[in-house]
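For reference, the structure discussed in these notes is given below.
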Amino acid sequence: MINQDFIRQSSGLNSGKITSSTIWRSVHTDPQLLVGISLLCAFGLLILWSASDSNEAEVQRQSLAMLVGLVVMFIVAQFNVHFVRSWAPTLYAGGIGLLGLVLFMGVEKNGARSWLDLPGLPSFQPSELMKFVVPMLLAWYLAGRPLPPRFKHILVAAIMILLPAALIIVQNDAGTALMVTMSGVFVVLLAGISWRLVIGGTVALLLASPAWFLFLAQEHQKNRILTFFNPYRDPTGAGYNIIQSQIAIGSGGIYGKGFENGAQSQLDFIPESNTDFILAVLAEEFGFLGVLFLICLYLCVFARAGYIAYTANDMFSRLLAGSITLTFFLYVFVNMAMVTGLLPVVGLPLPLISRGGTSIVTMFIGFGMLMSIATHGRQK
Amino acid sequence: MTGKWQLKDHEAERQIFNRRLIIAGVFIVLLFAALILKLVNLQFSQYEYFSARSDGNRLHSQYVAPARGLIFDRNGALLADNQPIFNLSVIREQVGDLDEMLNNLRTLIGLSDDEIEQFSIRLRRNRVPFSSVPIRFVLSEEDRSAIAVNGHRLPGLAIEPQFVRSYPLSALTAHSVGYVSEINREELDQMDETERQNYGGTNHIGKSGVERTYEGLLHGKVGYEIVEKNNRGQVMRELDRTDPVAGKNITLHIDAQLQIAAEQALGDFRGAIVAIEPATGGILAMVSKPGFDPNLFVTGISTKDYKLLVEDRINTPLFDRTTNPYPPGSTVKPFLGLSGLELGLVDYDYAIQDPGYFRLPGVAYRWGDYTLRTAIGGGHGHTNLQKAIYQSCDTFFYDLGNRMGIDAMHEYMSLFGFGQNFAVDIGYARTGVMPSRDWKQESRGEPWYPGDTINSSIGQGFMWATPLQLATAVAIIANKGVVVQPRLLRAVEDEPFVPEIRDPVPDIVLKDQDYWRYMEEAMTMVVHRPYSDTFRDYGTAYEAIAQADRTMPYRMAGKSGSAQVVGISQSILKSGDIVVSDLNKDHGLFISFAPAMHSEIAPQIAIAVIVENGEHGSSVAGPVAKRIIDEYLLNILQIDFATHPSNPNSLISQVND
């Protein structure tokens, strides 16, 4: 009896009647992902506290952005992905429309003319939204066709990617254009595009890059590339950021100089120490172990996100979740690689760690979609 | 539509997607591995290197300048002081609109175009970011409050305190005390490494006079501090410090009161005065007039002001007249007379019959006595050495010099310092010229002619002597042969200064010590021998000194001289600023010591005066000397000559015999 009861009980657990997992599911929240994100946010606030020289206002504003992000994530998670899926073409068309609007009414901030100041709305960057809209549309498009995708479908997909990318390039925001492109490319890659095309495309890009460098690249882009190969060609100008950043990281050693004890960061030698170069602060004060810990946290989040993609019920959800996960990874990796000198300087924040409300909220929208996929998909 | 759906193999597609996802995961792990390798490279392998770089970034060893030693006169009055000044500086990186700010300053503190131009030059120079660039040195009290009140409207402006040299007597000590000014490239190049470090925190170095001579004493030793600076160069913390050692305070022999009196005694004339304390060789006063304001040089003289000083070719204020030579004229006669006595060429009884000129045997040319140029003409008649001194008889000395010859003249005059620099600590003083056969051969490539000797015996021709040399030489007579080498430094901190003299100048020991008294008497008669019925038998300076002040309570020994102006440059002759005839006038000279012929009180002051274009030594330079001696004996030393009367066996009675 007792044994049988237990079995019945446990089978009840699995069928999901009164367990905690059903509660989480009913509020469309993935607890593992939430824990990972929360840890990242907490760690991020800790580093920001030191990087901003104990600036309470900064940290409060960042916390607020995170709370807003959480709420946004929660709201997004409530929408069934299939609802989202049906709206994908409309959202894409709307997004392109907004990008077009930016061309005429855009407001310039930090060198990029990518902001829209519409009455009644907070100013925002339509290009940020395209990071989700593009993979959504591609996932919608490719999931509806036999996979691996045919060549003509890939051509259509390429147009879907390049149209918004081109509009964003015109806004002088190459970094975002790159991320939007990659978020779409990831969908195509995950959809099973043939390796021959992948390798061919990569080789073509590599061959084209010298031509881009010689004829198309802007002066500051050329500078960044040259500085990447030799930071000391202009140690007080273009090379200053990367040199100071490497000094900070290297002098942190294994264990770091201690919280709020990083000379490079506390004495303002690291430029952008609150935003793009915040990793240097972490590496200086918490050392190699601190960075390793952060990488582990990220890996946990990637793993959980990957698992969500892996176990998603339909191809649209899989492609979307996979693209969001890989785009998230790309942010993390490109930022870390640029701060350590592994890649040329690209102005990308370190997700959930760097200061900046827009970036935070954008990330949480992505997490919201992941949670939606994780919870709605399985209910079926 | 349904046909399409049927084409899809959901399981196969899932397989494709999952394989791709796993490959992506592998890529993620590989890329992170690369990142970790990079971190290992930075944080393990290059840890030492980057640690050092990080320390190099933030730790700065900076110099702490020592306070420069002060310079006092013999009574403790300040001759060189360190004054706090406030500079107005601009930190370019913190200024919004530079032009607007400069315009604000124009109205606020009256910033001139010149200052703005100088500032722009300084701004354009290579400089560290966030360093402050001075825009005005020495802010006045009002300017400072104006800046303070409007400070909120003027970001990037900073008022920075600094200690700089200040010379309270200004032009009065411009040449003797000298001045400090910004160290230049050349001076830095001449220093060795340790010296250069010692000047690390200092902008100024002694450029002339005492400031330069005693730079080593005055400068002190630089201190260090290790500070932590942030990216903007602001000092955040001081981590270590070695205090600087302040320079030594020094006391000079100069008496500020006498220095002031000497400058005033010259009146409107250009000229030079050197007064020496015969007992010590201490220089009591050293005036070159006109001077210049040495304070101008401390904070950097403007091109305009400097041009004014350099281009004043008549007054030549930058030219130190005390240490540059003039033809000494008749002031050399006492020294030549003593040499003649010592050599046995003359004695107390020896006399000539002076016709008013001198002729070398077999030479038609006549060397005239000045009396030849007077309306009466003629000569001095019967003239012995004393009369030759107090009447300044050239003929007597032509004869004496001729018989002495240039070799003996050079030998004996050198003992008095002619052609030499006896000064202990005035290395920059010129030596003048005491001509000799060798000198003429070397400098002119000509042999010595007998006529050259004749010119030299009245201090003309090739002979040149500085006021410092003349004062030194007359102090030797005052000391009866004891040579005291002139010096400016009296004490370092409170330790009396005992110079290390490598080759001490020997005292002059004459065969008969009475020669000194005899010459002192002759020189006293220059000032005090009154007019009498005898033709040309009075002291040349009697009228201007003793007769002008009959209540004079002491006697002074003196000798006048006049030096012909050798040449005036064409540019000066053309200038309309000055009456050219004035510049053609002879320079008047007077050497003197006092009190003379006093039974109780040894001579307290020996002095040389040169009055440029003063025409006559006796009537112009003589009274100047007397005013200075009056000031020193009566007002500074306050010797009561009533209780210390002169020798009752008085000179006047003697000379009245």
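Following the order of the structure tokens, first chain is A, next is B, and so on, with residues numbered from 1 inside each chain and ligands from 1 in the order they appear.
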
Which residues are close to B:Tyr357, i.e. within 7 Å by only C-alpha atoms, leaving aside same-chain residues fewer than 6 positions away? Reply as a PyMOL selection string.
chain B and resi 366-369+395

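The list of residues with at least one atom within 8 Å of B:Gly178, based on only C-alpha atoms and without residues fewer than 6 positions apart in the same chain, reads Gly206, Lys207, Ser208, Gly209, Val210, Glu211, Arg212 and Pro294 of chain B.
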
Atoms to include: N, CA and C atoms. Write the selected residues as a PDB file, in the first residue's frame.
ATOM      1  N   GLY B 206      70.745  80.323  -9.737  1.00  0.00           N
ATOM      2  CA  GLY B 206      71.416  81.621  -9.660  1.00  0.00           C
ATOM      3  C   GLY B 206      72.091  81.946 -10.975  1.00  0.00           C
ATOM      4  N   LYS B 207      71.834  83.153 -11.468  1.00  0.00           N
ATOM      5  CA  LYS B 207      72.368  83.506 -12.781  1.00  0.00           C
ATOM      6  C   LYS B 207      73.536  84.466 -12.676  1.00  0.00           C
ATOM      7  N   SER B 208      73.578  85.250 -11.616  1.00  0.00           N
ATOM      8  CA  SER B 208      74.660  86.232 -11.543  1.00  0.00           C
ATOM      9  C   SER B 208      74.909  86.577 -10.088  1.00  0.00           C
ATOM     10  N   GLY B 209      76.028  87.251  -9.861  1.00  0.00           N
ATOM     11  CA  GLY B 209      76.364  87.748  -8.535  1.00  0.00           C
ATOM     12  C   GLY B 209      76.462  86.633  -7.506  1.00  0.00           C
ATOM     13  N   VAL B 210      76.110  86.992  -6.261  1.00  0.00           N
ATOM     14  CA  VAL B 210      76.185  86.040  -5.156  1.00  0.00           C
ATOM     15  C   VAL B 210      75.272  84.842  -5.418  1.00  0.00           C
ATOM     16  N   GLU B 211      74.125  85.096  -6.003  1.00  0.00           N
ATOM     17  CA  GLU B 211      73.183  84.014  -6.285  1.00  0.00           C
ATOM     18  C   GLU B 211      73.842  82.919  -7.106  1.00  0.00           C
ATOM     19  N   ARG B 212      74.738  83.334  -8.009  1.00  0.00           N
ATOM     20  CA  ARG B 212      75.396  82.349  -8.845  1.00  0.00           C
ATOM     21  C   ARG B 212      76.613  81.758  -8.127  1.00  0.00           C
ATOM     22  N   PRO B 294      65.975  93.184 -10.606  1.00  0.00           N
ATOM     23  CA  PRO B 294      66.247  91.748 -10.785  1.00  0.00           C
ATOM     24  C   PRO B 294      64.985  90.902 -10.614  1.00  0.00           C
TER      25      PRO B 294
END

Contact table chain B vs chain A, cut-off 9 Å, shortest pair per residue, only C-alpha atoms, as a Markdown table:
| residue | atom | partner | partner_atom | distance |
| --- | --- | --- | --- | --- |
| B:Lys4 | CA | A:Arg145 | CA | 7.5 |
| B:Trp5 | CA | A:Gly144 | CA | 8.1 |
| B:Leu7 | CA | A:Pro146 | CA | 6.8 |
| B:Lys8 | CA | A:Pro146 | CA | 5.2 |
| B:Asp9 | CA | A:Pro146 | CA | 7.7 |
| B:His10 | CA | A:Met315 | CA | 8.3 |
| B:Ala12 | CA | A:Leu147 | CA | 8.5 |
| B:Glu13 | CA | A:Leu147 | CA | 5.8 |
| B:Arg14 | CA | A:Met315 | CA | 7.3 |
| B:Ile16 | CA | A:Gly192 | CA | 6.0 |
| B:Phe17 | CA | A:Leu190 | CA | 5.6 |
| B:Asn18 | CA | A:Tyr310 | CA | 6.2 |
| B:Arg19 | CA | A:Leu190 | CA | 8.6 |
| B:Arg20 | CA | A:Leu190 | CA | 5.4 |
| B:Leu21 | CA | A:Leu190 | CA | 6.5 |
| B:Ile22 | CA | A:Gly306 | CA | 8.8 |
| B:Ala24 | CA | A:Leu326 | CA | 7.9 |
| B:Gly25 | CA | A:Gly306 | CA | 8.1 |
| B:Ile28 | CA | A:Phe329 | CA | 7.6 |
| B:Val29 | CA | A:Leu299 | CA | 8.6 |
| B:Leu31 | CA | A:Phe333 | CA | 7.7 |
| B:Phe32 | CA | A:Phe333 | CA | 7.4 |
| B:Ala34 | CA | A:Leu342 | CA | 8.8 |
| B:Leu35 | CA | A:Ala337 | CA | 6.5 |
| B:Ile36 | CA | A:Leu292 | CA | 7.8 |
| B:Lys38 | CA | A:Thr340 | CA | 7.2 |
| B:Leu39 | CA | A:Phe288 | CA | 7.0 |
| B:Val40 | CA | A:Phe288 | CA | 7.5 |
| B:Asn41 | CA | A:Gly250 | CA | 8.3 |
| B:Leu42 | CA | A:Gly250 | CA | 4.6 |
| B:Gln43 | CA | A:Gly250 | CA | 4.3 |
| B:Phe44 | CA | A:Gly253 | CA | 6.0 |
| B:Ser45 | CA | A:Gly250 | CA | 8.6 |
| B:Gln46 | CA | A:Gly250 | CA | 6.3 |
| B:Tyr47 | CA | A:Gly250 | CA | 5.1 |
| B:Glu48 | CA | A:Ser251 | CA | 7.2 |
| B:Tyr49 | CA | A:Ser251 | CA | 7.8 |
| B:Phe50 | CA | A:Ser251 | CA | 4.8 |
| B:Ser51 | CA | A:Ser251 | CA | 4.2 |
| B:Ala52 | CA | A:Ser251 | CA | 7.8 |
| B:Arg53 | CA | A:Ile247 | CA | 6.5 |
| B:Ser54 | CA | A:Ile247 | CA | 6.0 |
| B:Asp55 | CA | A:Ala263 | CA | 8.2 |
| B:Asn57 | CA | A:Gln264 | CA | 8.0 |
| B:Arg58 | CA | A:Ala263 | CA | 7.3 |
| B:Glu228 | CA | A:Leu267 | CA | 8.7 |
| B:Lys229 | CA | A:Leu267 | CA | 7.2 |
| B:Asn230 | CA | A:Leu267 | CA | 4.3 |
| B:Asn231 | CA | A:Phe269 | CA | 5.0 |
| B:Arg232 | CA | A:Asp268 | CA | 8.1 |
| B:Met236 | CA | A:Leu267 | CA | 8.4 |

Measuring between only C-alpha atoms, which one of A:Ala51, A:Val170, A:Val188, A:Leu289 shows the shortest distance to A:Val156?
A:Val188

Tell me which of A:Ile154, A:Val281, A:Ile169, A:Met179 sits closest to A:Val102, counting only C-alpha atoms.
A:Ile169

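Those residues that approach B:Ala429 to within 6 Å, counting only C-alpha atoms, are Thr323, Ile426 and Gly427 of chain B; same-chain residues fewer than 2 positions away are not listed.
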
Can you tell me which residues surround stretch 139-144 of chain B at a distance of at most 9 Å, considering only C-alpha atoms, apart from same-chain residues fewer than 6 positions away, and format the answer as a list in words?
Ile85, Phe86, Asn87, Leu88, Leu108, Ile109, Gly110 and Ile159 of chain B

Just the residues within 9 Å of A:Glu58, please, counting only C-alpha atoms, with nothing from its chain fewer than 3 positions along; format it as a VMD selection string.
chain A and resid 48 to 49 52 54 to 55 61 to 63 355

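Atom CA of B:Glu263 is found 26.1 Å from atom CA of B:Glu215.
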
Got a sec: who's within 9 Å of B:Val90, counting only C-alpha atoms, leaving out chain neighbours fewer than 4 positions off, as a VMD selection string?
chain B and resid 94 to 95 131 to 135 155 to 159

When distances are computed from only C-alpha atoms, which of A:Val133, A:Val345, A:Leu163, A:Val361 shows the smallest separation from A:His220?
A:Val345

For stretch 484-486 of chain B: contacts at 8 Å, only C-alpha atoms, fewer than 3 positions along chain excluded, given as a list in words:
Ile276, Pro278, Ala279, Thr280, Gly281, Gly282, Ile283, Phe422, Ala423, Val424, Asp425, Thr472, Ala475, Ile476 and Val505 of chain B

Name the residues of stretch 311-522 of chain B that come out as alpha helix (DSSP H) in a backbone DSSP run; write them as a PyMOL selection string.
chain B and resi 311+333-343+385-390+394-415+437-444+450-456+467-478+514-522
